[in-house]
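Quick look at input_23.pdb (PDB, C-alpha atoms):
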ATOM      1  CA  MET A 175     101.492 117.560 109.055
ATOM      2  CA  THR A 176      99.149 119.816 111.075
ATOM      3  CA  HIS A 177      96.359 119.102 108.614
ATOM      4  CA  PRO A 178      96.506 115.461 107.501
ATOM      5  CA  SER A 179      95.097 114.229 104.210
ATOM      6  CA  LEU A 180      91.620 112.775 104.727
ATOM      7  CA  ASP A 181      91.086 109.427 103.022
ATOM      8  CA  ILE A 182      88.345 106.825 102.855
ATOM      9  CA  ALA A 183      88.477 103.044 103.082
ATOM     10  CA  PHE A 184      86.170 101.148 100.746
ATOM     11  CA  HIS A 185      84.457  98.075 102.218
ATOM     12  CA  GLY A 186      81.563  97.480  99.820
ATOM     13  CA  ASP A 187      80.814  95.429  96.735
ATOM     14  CA  VAL A 188      83.794  95.602  94.388
ATOM     15  CA  ALA A 189      81.372  96.236  91.515
ATOM     16  CA  GLU A 190      80.589  99.626  93.093
ATOM     17  CA  ILE A 191      84.133 100.838  93.692
ATOM     18  CA  ALA A 192      84.576 102.666  90.375
ATOM     19  CA  ALA A 193      81.580 104.910  91.063
ATOM     20  CA  VAL A 194      82.660 105.532  94.664
ATOM     21  CA  ALA A 195      86.219 106.345  93.574
ATOM     22  CA  ALA A 196      84.977 108.800  90.952
ATOM     23  CA  GLU A 197      82.716 110.487  93.509
ATOM     24  CA  ALA A 198      85.562 110.655  96.025
ATOM     25  CA  GLU A 199      87.796 112.309  93.454
ATOM     26  CA  ALA A 200      85.060 114.797  92.532
ATOM     27  CA  ARG A 201      84.696 115.736  96.200
ATOM     28  CA  GLY A 202      88.422 116.286  96.652
ATOM     29  CA  VAL A 203      89.043 113.338  98.983
ATOM     30  CA  GLY A 204      92.738 112.648  99.438
ATOM     31  CA  GLY A 205      92.772 108.926  98.797
ATOM     32  CA  LEU A 206      90.808 105.702  98.575
ATOM     33  CA  PHE A 207      92.110 102.560 100.266
ATOM     34  CA  VAL A 208      90.985  98.944 100.026
ATOM     35  CA  ALA A 209      91.483  96.137 102.525
ATOM     36  CA  GLU A 210      92.022  92.500 101.641
ATOM     37  CA  ALA A 211      89.116  90.577 103.148
ATOM     38  CA  ALA A 212      86.570  88.777 100.967
ATOM     39  CA  HIS A 213      87.961  90.105  97.668
ATOM     40  CA  ASP A 214      91.295  90.559  95.912
ATOM     41  CA  PRO A 215      92.386  94.158  96.616
ATOM     42  CA  TYR A 216      94.362  94.519  93.407
ATOM     43  CA  ILE A 217      91.287  93.955  91.242
ATOM     44  CA  ALA A 218      89.354  96.564  93.214
ATOM     45  CA  LEU A 219      92.247  99.024  92.986
ATOM     46  CA  ALA A 220      92.571  98.497  89.231
ATOM     47  CA  LEU A 221      88.900  99.394  88.841
ATOM     48  CA  ALA A 222      89.282 102.447  91.063
ATOM     49  CA  GLY A 223      92.435 103.549  89.274
ATOM     50  CA  THR A 224      90.983 103.389  85.784
ATOM     51  CA  ALA A 225      87.844 105.284  86.915
ATOM     52  CA  THR A 226      89.887 108.219  88.243
ATOM     53  CA  SER A 227      92.860 110.363  87.299
ATOM     54  CA  ARG A 228      94.072 112.184  90.424
ATOM     55  CA  ILE A 229      93.079 110.530  93.691
ATOM     56  CA  ARG A 230      95.619 108.404  95.527
ATOM     57  CA  ILE A 231      94.683 104.705  95.702
ATOM     58  CA  GLY A 232      96.133 102.061  97.966
ATOM     59  CA  SER A 233      95.798  98.797  99.860
ATOM     60  CA  SER A 234      95.161  98.967 103.576
ATOM     61  CA  VAL A 235      96.321  96.316 103.534
ATOM     62  CA  ALA A 236      97.125  93.521 101.109
ATOM     63  CA  ILE A 237      98.338  90.334 102.802
ATOM     64  CA  ALA A 238     102.024  89.987 101.996
ATOM     65  CA  PHE A 239     102.620  86.425 103.161
ATOM     66  CA  ALA A 240      99.675  85.115 101.137
ATOM     67  CA  ARG A 241     101.824  85.671  98.028
ATOM     68  CA  SER A 242     105.477  85.521  97.098
ATOM     69  CA  PRO A 243     107.209  88.889  96.600
ATOM     70  CA  MET A 244     107.177  88.238  92.849
ATOM     71  CA  SER A 245     103.409  87.678  92.773
ATOM     72  CA  THR A 246     102.820  90.856  94.766
ATOM     73  CA  ALA A 247     105.220  92.775  92.539
ATOM     74  CA  TYR A 248     103.378  91.905  89.329
ATOM     75  CA  SER A 249      99.955  92.844  90.753
ATOM     76  CA  ALA A 250     101.201  96.095  92.247
ATOM     77  CA  TRP A 251     103.151  97.068  89.116
ATOM     78  CA  ASP A 252     100.106  96.599  86.884
ATOM     79  CA  VAL A 253      97.837  98.637  89.172
ATOM     80  CA  HIS A 254     100.480 101.340  89.504
ATOM     81  CA  ARG A 255     100.831 101.576  85.716
ATOM     82  CA  LEU A 256      97.064 101.515  85.072
ATOM     83  CA  SER A 257      96.508 104.322  87.582
ATOM     84  CA  GLY A 258      99.250 106.533  86.210
ATOM     85  CA  GLY A 259     101.568 106.000  89.177
ATOM     86  CA  ARG A 260      99.063 106.613  92.001
ATOM     87  CA  LEU A 261      99.316 103.338  93.961
ATOM     88  CA  VAL A 262     100.395 103.011  97.577
ATOM     89  CA  LEU A 263     101.303  99.382  98.219
ATOM     90  CA  GLY A 264     100.206  98.795 101.800
ATOM     91  CA  LEU A 265     101.226  95.399 103.140
ATOM     92  CA  GLY A 266     100.479  93.469 106.310
ATOM     93  CA  THR A 267     101.394  90.072 107.713
ATOM     94  CA  GLN A 268      97.981  88.862 108.924
ATOM     95  CA  ILE A 269      98.176  86.393 111.810
ATOM     96  CA  LYS A 270      99.646  82.905 111.629
ATOM     97  CA  PRO A 271      96.383  80.849 111.413
ATOM     98  CA  HIS A 272      95.254  82.754 108.327
ATOM     99  CA  ILE A 273      98.594  82.380 106.567
ATOM    100  CA  THR A 274      99.098  78.705 107.356
ATOM    101  CA  ARG A 275      95.493  77.438 107.383
ATOM    102  CA  ARG A 276      93.652  79.758 104.962
ATOM    103  CA  PHE A 277      96.392  80.488 102.435
ATOM    104  CA  ALA A 278      98.560  77.392 103.092
ATOM    105  CA  MET A 279     101.702  79.512 103.024
ATOM    106  CA  PRO A 280     104.764  79.464 105.310
ATOM    107  CA  TRP A 281     104.977  81.490 108.503
ATOM    108  CA  SER A 282     108.042  82.267 110.576
ATOM    109  CA  SER A 283     109.769  85.246 112.190
ATOM    110  CA  PRO A 284     107.200  87.783 110.894
ATOM    111  CA  ALA A 285     109.230  90.977 111.396
ATOM    112  CA  PRO A 286     112.470  89.723 109.767
ATOM    113  CA  ARG A 287     110.463  87.982 107.025
ATOM    114  CA  MET A 288     108.492  91.148 106.287
ATOM    115  CA  SER A 289     111.667  93.249 106.222
ATOM    116  CA  GLU A 290     113.179  90.865 103.700
ATOM    117  CA  TYR A 291     109.911  90.791 101.722
ATOM    118  CA  VAL A 292     110.115  94.557 101.234
ATOM    119  CA  GLU A 293     113.746  94.409 100.194
ATOM    120  CA  ALA A 294     112.908  91.626  97.728
ATOM    121  CA  LEU A 295     110.153  93.799  96.250
ATOM    122  CA  ARG A 296     112.585  96.677  95.882
ATOM    123  CA  ALA A 297     115.046  94.432  94.051
ATOM    124  CA  ILE A 298     112.325  93.226  91.672
ATOM    125  CA  PHE A 299     111.059  96.762  91.090
ATOM    126  CA  ASP A 300     114.583  97.984  90.404
ATOM    127  CA  SER A 301     115.122  95.222  87.860
ATOM    128  CA  TRP A 302     111.965  96.246  86.017
ATOM    129  CA  GLN A 303     112.592  99.960  86.276
ATOM    130  CA  THR A 304     116.283 100.061  85.386
ATOM    131  CA  GLY A 305     116.957  96.772  83.637
ATOM    132  CA  SER A 306     119.454  95.747  86.303
ATOM    133  CA  LYS A 307     120.165  92.056  86.868
ATOM    134  CA  LEU A 308     117.800  90.493  89.401
ATOM    135  CA  ASP A 309     119.911  88.833  92.070
ATOM    136  CA  PHE A 310     118.143  88.894  95.416
ATOM    137  CA  GLN A 311     119.075  86.151  97.864
ATOM    138  CA  GLY A 312     117.859  86.285 101.434
ATOM    139  CA  ASP A 313     117.012  83.991 104.299
ATOM    140  CA  PHE A 314     113.360  83.598 103.301
ATOM    141  CA  TYR A 315     113.180  84.542  99.615
ATOM    142  CA  ALA A 316     115.434  84.271  96.575
ATOM    143  CA  HIS A 317     114.682  85.911  93.220
ATOM    144  CA  THR A 318     117.433  85.429  90.646
ATOM    145  CA  LEU A 319     115.653  84.966  87.304
ATOM    146  CA  MET A 320     114.057  87.685  85.171
ATOM    147  CA  PRO A 321     114.166  86.976  81.405
ATOM    148  CA  PRO A 322     113.122  89.921  79.177
ATOM    149  CA  LEU A 323     109.850  88.194  78.256
ATOM    150  CA  PHE A 324     108.715  88.415  81.885
ATOM    151  CA  ASN A 325     109.915  91.961  82.592
ATOM    152  CA  PRO A 326     106.981  94.434  82.346
ATOM    153  CA  GLY A 327     109.339  97.385  81.885
ATOM    154  CA  PRO A 328     109.642 100.772  83.588
ATOM    155  CA  ILE A 329     106.882 103.085  84.791
ATOM    156  CA  ASP A 330     107.002 106.872  84.571
ATOM    157  CA  GLY A 331     107.704 108.145  88.048
ATOM    158  CA  GLY A 332     109.123 104.872  89.313
ATOM    159  CA  PRO A 333     107.844 102.126  91.625
ATOM    160  CA  PRO A 334     104.990 102.537  94.117
ATOM    161  CA  PRO A 335     105.782 103.462  97.712
ATOM    162  CA  ILE A 336     105.554 100.584 100.172
ATOM    163  CA  TRP A 337     103.818 101.059 103.515
ATOM    164  CA  LEU A 338     103.712  98.435 106.255
ATOM    165  CA  ALA A 339     101.046  97.711 108.844
ATOM    166  CA  ALA A 340     102.482  97.358 112.336
ATOM    167  CA  VAL A 341     101.343  97.261 115.967
ATOM    168  CA  GLY A 342     104.052  95.668 118.113
ATOM    169  CA  PRO A 343     107.583  96.988 118.690
ATOM    170  CA  ARG A 344     109.455  94.634 116.321
ATOM    171  CA  MET A 345     107.190  95.275 113.352
ATOM    172  CA  LEU A 346     107.104  99.026 114.062
ATOM    173  CA  ALA A 347     110.903  99.077 114.011
ATOM    174  CA  ALA A 348     110.891  97.043 110.789
ATOM    175  CA  ALA A 349     108.486  99.487 109.158
ATOM    176  CA  GLY A 350     110.724 102.382 110.098
ATOM    177  CA  ALA A 351     113.802 100.594 108.822
ATOM    178  CA  VAL A 352     112.671  99.344 105.403
ATOM    179  CA  ALA A 353     109.346 100.909 104.337
ATOM    180  CA  ASP A 354     108.225 104.244 102.925
ATOM    181  CA  GLY A 355     105.395 104.548 105.387
ATOM    182  CA  LEU A 356     103.319 103.015 108.164
ATOM    183  CA  ILE A 357      99.636 102.091 108.245
ATOM    184  CA  CYS A 358      98.411 101.977 111.825
ATOM    185  CA  HIS A 359      95.783  99.419 112.794
ATOM    186  CA  PRO A 360      92.323 100.823 113.680
ATOM    187  CA  LEU A 361      92.725  99.788 117.339
ATOM    188  CA  LEU A 362      94.709 102.944 117.949
ATOM    189  CA  SER A 363      94.604 105.822 120.412
ATOM    190  CA  ARG A 364      96.407 109.136 120.109
ATOM    191  CA  SER A 365      98.554 108.334 123.135
ATOM    192  CA  TYR A 366      99.609 104.928 121.755
ATOM    193  CA  LEU A 367     100.538 106.600 118.474
ATOM    194  CA  ASP A 368     102.565 109.355 120.142
ATOM    195  CA  GLU A 369     104.132 107.419 123.014
ATOM    196  CA  VAL A 370     104.717 103.964 121.502
ATOM    197  CA  VAL A 371     104.356 103.932 117.713
ATOM    198  CA  ALA A 372     106.248 107.092 116.788
ATOM    199  CA  PRO A 373     109.350 106.415 118.950
ATOM    200  CA  ALA A 374     109.614 102.797 117.755
ATOM    201  CA  VAL A 375     109.349 103.816 114.105
ATOM    202  CA  ALA A 376     111.844 106.638 114.569
ATOM    203  CA  ALA A 377     114.356 104.272 116.179
ATOM    204  CA  GLY A 378     113.981 101.825 113.309
ATOM    205  CA  ARG A 379     114.380 104.613 110.773
ATOM    206  CA  THR A 380     117.548 105.883 112.376
ATOM    207  CA  ALA A 381     119.078 102.403 112.522
ATOM    208  CA  GLY A 382     118.063 101.342 108.987
ATOM    209  CA  GLN A 383     119.419 102.035 105.526
ATOM    210  CA  HIS A 384     116.725 104.611 104.667
ATOM    211  CA  ALA A 385     117.404 107.154 107.417
ATOM    212  CA  GLY A 386     116.673 110.653 106.177
ATOM    213  CA  GLU A 387     114.323 109.513 103.420
ATOM    214  CA  PRO A 388     110.651 110.620 103.471
ATOM    215  CA  PHE A 389     108.290 108.543 105.595
ATOM    216  CA  THR A 390     104.492 108.694 105.805
ATOM    217  CA  THR A 391     102.416 107.816 108.850
ATOM    218  CA  ALA A 392      98.821 106.905 107.990
ATOM    219  CA  VAL A 393      96.250 105.930 110.596
ATOM    220  CA  MET A 394      93.049 103.954 110.253
ATOM    221  CA  CYS A 395      90.526 105.746 112.449
ATOM    222  CA  MET A 396      87.339 103.995 113.572
ATOM    223  CA  VAL A 397      84.281 106.227 113.353
ATOM    224  CA  ALA A 398      80.859 105.571 114.893
ATOM    225  CA  THR A 399      78.475 108.006 113.278
ATOM    226  CA  GLY A 400      75.158 108.280 111.500
ATOM    227  CA  ARG A 401      72.687 110.711 110.025
ATOM    228  CA  THR A 402      69.976 109.839 112.550
ATOM    229  CA  GLU A 403      69.891 108.785 116.203
ATOM    230  CA  GLU A 404      68.955 105.280 115.105
ATOM    231  CA  GLU A 405      71.901 105.057 112.703
ATOM    232  CA  LEU A 406      74.247 106.376 115.402
ATOM    233  CA  ALA A 407      73.059 103.733 117.876
ATOM    234  CA  VAL A 408      73.686 100.983 115.306
ATOM    235  CA  ALA A 409      77.122 102.458 114.578
ATOM    236  CA  ILE A 410      78.097 102.559 118.247
ATOM    237  CA  ALA A 411      77.012  98.962 118.791
ATOM    238  CA  GLY A 412      78.901  97.797 115.694
ATOM    239  CA  THR A 413      82.047  99.683 116.665
ATOM    240  CA  LYS A 414      81.966  98.254 120.177
ATOM    241  CA  ARG A 415      81.718  94.754 118.723
ATOM    242  CA  GLN A 416      84.686  95.452 116.470
ATOM    243  CA  ILE A 417      86.783  96.774 119.348
ATOM    244  CA  GLY A 418      85.824  93.668 121.325
ATOM    245  CA  PHE A 419      86.885  91.471 118.412
ATOM    246  CA  TYR A 420      90.229  93.260 118.063
ATOM    247  CA  SER A 421      90.729  93.017 121.825
ATOM    248  CA  SER A 422      90.386  89.227 121.686
ATOM    249  CA  THR A 423      93.458  88.932 119.449
ATOM    250  CA  PRO A 424      96.850  88.611 121.225
ATOM    251  CA  ALA A 425      98.566  90.743 118.572
ATOM    252  CA  TYR A 426      96.704  93.820 119.813
ATOM    253  CA  LEU A 427      97.300  93.229 123.532
ATOM    254  CA  PRO A 428     100.115  95.848 123.669
ATOM    255  CA  VAL A 429      97.633  98.577 122.749
ATOM    256  CA  LEU A 430      95.278  97.557 125.556
ATOM    257  CA  GLU A 431      98.101  97.197 128.073
ATOM    258  CA  HIS A 432      99.258 100.705 127.231
ATOM    259  CA  HIS A 433      95.964 101.933 128.696
ATOM    260  CA  GLY A 434      95.870  99.431 131.578
ATOM    261  CA  TRP A 435      93.115  97.392 129.888
ATOM    262  CA  GLY A 436      94.874  94.049 129.612
ATOM    263  CA  ASP A 437      91.950  92.314 131.329
ATOM    264  CA  LEU A 438      89.769  93.264 128.343
ATOM    265  CA  HIS A 439      91.873  90.968 126.185
ATOM    266  CA  THR A 440      91.543  88.099 128.654
ATOM    267  CA  GLU A 441      87.756  88.443 128.795
ATOM    268  CA  ALA A 442      87.325  88.918 125.037
ATOM    269  CA  HIS A 443      89.611  85.996 124.209
ATOM    270  CA  ALA A 444      87.599  83.767 126.545
ATOM    271  CA  LEU A 445      84.361  84.733 124.783
ATOM    272  CA  THR A 446      85.769  83.816 121.374
ATOM    273  CA  LYS A 447      86.955  80.460 122.674
ATOM    274  CA  SER A 448      83.366  79.807 123.795
ATOM    275  CA  ASN A 449      81.952  80.946 120.436
ATOM    276  CA  ARG A 450      80.191  83.857 122.186
ATOM    277  CA  TRP A 451      81.072  86.361 119.463
ATOM    278  CA  ALA A 452      77.862  88.383 119.824
ATOM    279  CA  GLU A 453      78.798  89.312 123.391
ATOM    280  CA  LEU A 454      82.149  90.950 122.555
ATOM    281  CA  GLY A 455      80.649  94.420 122.316
ATOM    282  CA  ASP A 456      79.261  94.142 125.842
ATOM    283  CA  LEU A 457      82.814  94.222 127.201
ATOM    284  CA  VAL A 458      83.546  97.641 125.687
ATOM    285  CA  ASP A 459      82.487 100.575 127.832
ATOM    286  CA  ASP A 460      82.201 104.187 126.730
ATOM    287  CA  GLU A 461      85.721 105.056 127.957
ATOM    288  CA  VAL A 462      87.283 102.354 125.788
ATOM    289  CA  LEU A 463      85.048 103.319 122.870
ATOM    290  CA  ALA A 464      86.085 106.976 123.082
ATOM    291  CA  ALA A 465      89.778 106.058 123.241
ATOM    292  CA  PHE A 466      89.685 104.056 120.024
ATOM    293  CA  ALA A 467      86.897 105.640 117.970
ATOM    294  CA  VAL A 468      85.449 108.961 116.920
ATOM    295  CA  VAL A 469      81.841 108.980 118.145
ATOM    296  CA  GLY A 470      79.010 111.378 117.403
ATOM    297  CA  ASP A 471      76.577 112.662 114.832
ATOM    298  CA  LEU A 472      77.945 113.444 111.403
ATOM    299  CA  ARG A 473      78.834 117.063 112.184
ATOM    300  CA  ALA A 474      80.618 116.252 115.440
ATOM    301  CA  ALA A 475      82.348 113.196 113.980
ATOM    302  CA  ARG A 476      83.554 115.197 110.975
ATOM    303  CA  ALA A 477      85.239 117.748 113.246
ATOM    304  CA  GLU A 478      86.884 115.157 115.509
ATOM    305  CA  PHE A 479      87.998 112.988 112.594
ATOM    306  CA  ARG A 480      89.958 115.986 111.303
ATOM    307  CA  SER A 481      91.540 116.835 114.639
ATOM    308  CA  ARG A 482      92.149 113.540 116.477
ATOM    309  CA  PHE A 483      95.512 112.726 114.886
ATOM    310  CA  ALA A 484      96.462 116.188 113.621
ATOM    311  CA  GLY A 485     100.168 116.800 114.133
ATOM    312  CA  SER A 486     100.962 113.092 114.482
ATOM    313  CA  ALA A 487      99.904 111.558 111.149
ATOM    314  CA  GLN A 488     100.066 112.711 107.552
ATOM    315  CA  ARG A 489      97.013 110.697 106.459
ATOM    316  CA  VAL A 490      93.836 109.642 108.271
ATOM    317  CA  ILE A 491      91.722 106.870 106.725
ATOM    318  CA  THR A 492      88.136 106.098 107.699
ATOM    319  CA  SER A 493      87.381 102.772 109.347
ATOM    320  CA  ILE A 494      83.627 102.116 109.539
ATOM    321  CA  PRO A 495      83.151  98.654 111.119
ATOM    322  CA  TYR A 496      79.394  98.292 110.580
ATOM    323  CA  ASP A 497      76.980  98.261 107.666
ATOM    324  CA  ALA A 498      76.739 101.727 106.156
ATOM    325  CA  ASP A 499      76.057 103.148 102.731
ATOM    326  CA  ASN A 500      79.032 104.023 100.547
ATOM    327  CA  LEU A 501      78.405 107.753 100.878
ATOM    328  CA  LEU A 502      78.743 107.898 104.689
ATOM    329  CA  ALA A 503      82.544 107.895 104.585
ATOM    330  CA  LEU A 504      82.514 110.477 101.796
ATOM    331  CA  ASP A 505      80.166 112.732 103.772
ATOM    332  CA  LEU A 506      82.466 112.367 106.765
ATOM    333  CA  VAL A 507      85.654 113.515 105.051
ATOM    334  CA  SER A 508      84.319 116.013 102.501
ATOM    335  CA  ASP A 509      82.662 119.361 103.201
TER     336      ASP A 509
END
This structure in structure tokens:
Amino acid sequence: MTHPSLDIAFHGDVAEIAAVAAEAEARGVGGLFVAEAAHDPYIALALAGTATSRIRIGSSVAIAFARSPMSTAYSAWDVHRLSGGRLVLGLGTQIKPHITRRFAMPWSSPAPRMSEYVEALRAIFDSWQTGSKLDFQGDFYAHTLMPPLFNPGPIDGGPPPIWLAAVGPRMLAAAGAVADGLICHPLLSRSYLDEVVAPAVAAGRTAGQHAGEPFTTAVMCMVATGRTEEELAVAIAGTKRQIGFYSSTPAYLPVLEHHGWGDLHTEAHALTKSNRWAELGDLVDDEVLAAFAVVGDLRAARAEFRSRFAGSAQRVITSIPYDADNLLALDLVSD
């Protein structure tokens, strides 16, 4: 755990992911992760998986509540099989407006619902892997039908590990209790990870049914870097805007309050309500920037990216919240 695996997040055109994945594997990068934003992550991961043979691939994250557990299970199972068992299924809740207004799906009790979602996935996976009768009945989901025609059959090495995204105490405890790992949101400082995240996850792990089983902590780390002074300036401005955007969202208020920066949320939220999105970065000073992002030229950023979460996380994934070429993340994590 002293030396975490260094991974990249892919944010570009899905048509380019196969080439980037192959290059990442050639450079010895630990893993390649894909977020769900403007594209379906499972399609991107299938392309990355079939273009490589060793590198870990995963979602960081796929939106759980946009799909039923069964829909997620089929997509994940196919990607896991196509990649030779290299998928990490990273799942997140998103926030209520996206689930109810963008996806037109139900929203309630996110932490209990997500806990049950993971257990439903495990029941489905077990049915496919072992042939056991599918009989999952919970408060939010029920899966009780799996005829042989619809069973994709077992995979060598078994089902993919399931990681959950979490920020607040209830979801952190849920991740510890039911998941195989945690993906930390990019609005993350080392002190929040050590003083808030780790204890909450550990308490959930101890109280849950998976105590003693392996658990992976992966962090998304924002990086403001560039190959020239001009690129670095653009990166810093873009990262400040992203931190301002995150700060406007109530879900991330606990992170700000941990540092005594609750007023930043109030100011950022007010700007978004007034449609003044371009001004969000102006609220973020250099102290806030340094707390939540690695900043510097490529050489300096490479060194800090390796050390910032050493000893606290097993995997560190790049988060580059501004326009950059696909090779910047690779140059950051590979020698």
*Which one is closest to A:Phe466: A:Pro360, A:Pro428, A:Gly436, A:Gly378? Count all atoms listed in the file.*
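Closest residue, counting all atoms listed in the file: A:Pro360.
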*Taking the point (90.8, 98.4, 90.4) as given in the file, collect each protein or nucleic acid residue that comes within 12 Å of it, counting all atoms listed in the file, and present the set as number ranges by chain.*
A: 184, 188-196, 206-208, 213-226, 231-233, 249-250, 252-257, 260-261
*Nearest candidate to A:Gly470 (options A:Arg230, A:Arg275, A:Arg401, A:Arg379; using all atoms listed in the file)*: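 For A:Gly470, the nearest of the candidates is A:Arg401.
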Would you give the centre and edge lengths, in Å to one decimal, of a box along x, y and z around the listed atoms of stretch 188-205 of chain A, with 3 Å added to each side, as JSON?
{"center_x": 86.7, "center_y": 105.9, "center_z": 94.9, "size_x": 18.2, "size_y": 26.7, "size_z": 15.1}
*Give the answer as one residue: which of A:Phe389, A:Phe314, A:Phe277, A:Trp451 has the shortest atom-to-atom distance to A:Val375, using only C-alpha atoms?*
A:Phe389
Determine the residue set returned by the PyMOL selection byres ((chain A and resi 265) around 12) for the present structure, and present it as a PDB file with C-alpha atoms, keeping the file's coordinate frame.
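Below you can see expr_21.pdb, which holds the result:
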ATOM      1  CA  PHE A 207      92.110 102.560 100.266  1.00  0.00           C
ATOM      2  CA  VAL A 208      90.985  98.944 100.026  1.00  0.00           C
ATOM      3  CA  ALA A 209      91.483  96.137 102.525  1.00  0.00           C
ATOM      4  CA  GLU A 210      92.022  92.500 101.641  1.00  0.00           C
ATOM      5  CA  PRO A 215      92.386  94.158  96.616  1.00  0.00           C
ATOM      6  CA  TYR A 216      94.362  94.519  93.407  1.00  0.00           C
ATOM      7  CA  GLY A 232      96.133 102.061  97.966  1.00  0.00           C
ATOM      8  CA  SER A 233      95.798  98.797  99.860  1.00  0.00           C
ATOM      9  CA  SER A 234      95.161  98.967 103.576  1.00  0.00           C
ATOM     10  CA  VAL A 235      96.321  96.316 103.534  1.00  0.00           C
ATOM     11  CA  ALA A 236      97.125  93.521 101.109  1.00  0.00           C
ATOM     12  CA  ILE A 237      98.338  90.334 102.802  1.00  0.00           C
ATOM     13  CA  ALA A 238     102.024  89.987 101.996  1.00  0.00           C
ATOM     14  CA  PHE A 239     102.620  86.425 103.161  1.00  0.00           C
ATOM     15  CA  ALA A 240      99.675  85.115 101.137  1.00  0.00           C
ATOM     16  CA  ARG A 241     101.824  85.671  98.028  1.00  0.00           C
ATOM     17  CA  PRO A 243     107.209  88.889  96.600  1.00  0.00           C
ATOM     18  CA  THR A 246     102.820  90.856  94.766  1.00  0.00           C
ATOM     19  CA  ALA A 247     105.220  92.775  92.539  1.00  0.00           C
ATOM     20  CA  ALA A 250     101.201  96.095  92.247  1.00  0.00           C
ATOM     21  CA  VAL A 262     100.395 103.011  97.577  1.00  0.00           C
ATOM     22  CA  LEU A 263     101.303  99.382  98.219  1.00  0.00           C
ATOM     23  CA  GLY A 264     100.206  98.795 101.800  1.00  0.00           C
ATOM     24  CA  GLY A 266     100.479  93.469 106.310  1.00  0.00           C
ATOM     25  CA  THR A 267     101.394  90.072 107.713  1.00  0.00           C
ATOM     26  CA  GLN A 268      97.981  88.862 108.924  1.00  0.00           C
ATOM     27  CA  MET A 288     108.492  91.148 106.287  1.00  0.00           C
ATOM     28  CA  SER A 289     111.667  93.249 106.222  1.00  0.00           C
ATOM     29  CA  TYR A 291     109.911  90.791 101.722  1.00  0.00           C
ATOM     30  CA  VAL A 292     110.115  94.557 101.234  1.00  0.00           C
ATOM     31  CA  LEU A 295     110.153  93.799  96.250  1.00  0.00           C
ATOM     32  CA  PRO A 335     105.782 103.462  97.712  1.00  0.00           C
ATOM     33  CA  ILE A 336     105.554 100.584 100.172  1.00  0.00           C
ATOM     34  CA  TRP A 337     103.818 101.059 103.515  1.00  0.00           C
ATOM     35  CA  LEU A 338     103.712  98.435 106.255  1.00  0.00           C
ATOM     36  CA  ALA A 339     101.046  97.711 108.844  1.00  0.00           C
ATOM     37  CA  ALA A 340     102.482  97.358 112.336  1.00  0.00           C
ATOM     38  CA  MET A 345     107.190  95.275 113.352  1.00  0.00           C
ATOM     39  CA  ALA A 349     108.486  99.487 109.158  1.00  0.00           C
ATOM     40  CA  ALA A 353     109.346 100.909 104.337  1.00  0.00           C
ATOM     41  CA  ASP A 354     108.225 104.244 102.925  1.00  0.00           C
ATOM     42  CA  GLY A 355     105.395 104.548 105.387  1.00  0.00           C
ATOM     43  CA  LEU A 356     103.319 103.015 108.164  1.00  0.00           C
ATOM     44  CA  ILE A 357      99.636 102.091 108.245  1.00  0.00           C
ATOM     45  CA  CYS A 358      98.411 101.977 111.825  1.00  0.00           C
ATOM     46  CA  HIS A 359      95.783  99.419 112.794  1.00  0.00           C
TER      47      HIS A 359
END
*Taking (79.3, 104.2, 112.1) in the file's own coordinates, collect the residues within 6 Å, counting all atoms listed in the file, and hand them back as a list of chain:residue names.*
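Residues close enough to count: A:Val397, A:Ala398, A:Thr399, A:Gly400, A:Ala409, A:Ile494.
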*asked:* Please compute the atom CA of A:Pro328-atom CA of A:Asp181 distance, one decimal, in Å.
replied: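 Separation of atom CA of A:Pro328 and atom CA of A:Asp181: 28.2 Å.
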_Distance in Å - atom CA of A:Gln303 versus atom CA of A:Leu323_ = 14.5 Å
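Separating atom CA of A:Ser481 from atom CA of A:Leu180 is a distance of 10.7 Å.
Residue membership of the PyMOL selection byres ((chain A and resi 492) around 7) in the shown file amounts to Asp181, Ile182, Ala183, Met394, Cys395, Met396, Val397, Val490, Ile491, Ser493, Ile494 and Ala503 of chain A.
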*Which one is closest to A:Ile269: A:Met244, A:Val370, A:Met320, A:Ala425? Count all atoms listed in the file.*
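For A:Ile269, the nearest of the given residues is A:Ala425.
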_Expand the PyMOL selection byres ((chain A and resi 482) around 12) into the explicit residue set it covers here, and present it as a ChimeraX atom specification._
/A:176-178,180,362-365,367-368,393-397,464-469,474-481,483-491
Which residues come within 10 Å of A:Asp497, counting only C-alpha atoms, excluding same-chain residues fewer than 5 positions away, as a compact mmCIF listing (two decimals) with C-alpha atoms, in the frame of the given file?
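Result file follows (part.txt):
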# COMPACT_ATOMS: atom_id res chain seq x y z
CA HIS A 185 84.46 98.08 102.22
CA GLY A 186 81.56 97.48 99.82
CA GLU A 405 71.90 105.06 112.70
CA VAL A 408 73.69 100.98 115.31
CA ALA A 409 77.12 102.46 114.58
CA GLY A 412 78.90 97.80 115.69
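Distances from A:Asp505, A:Leu427, A:Pro326, A:Glu453 to A:Tyr248 were compared using only C-alpha atoms, and the smallest one belongs to A:Pro326.
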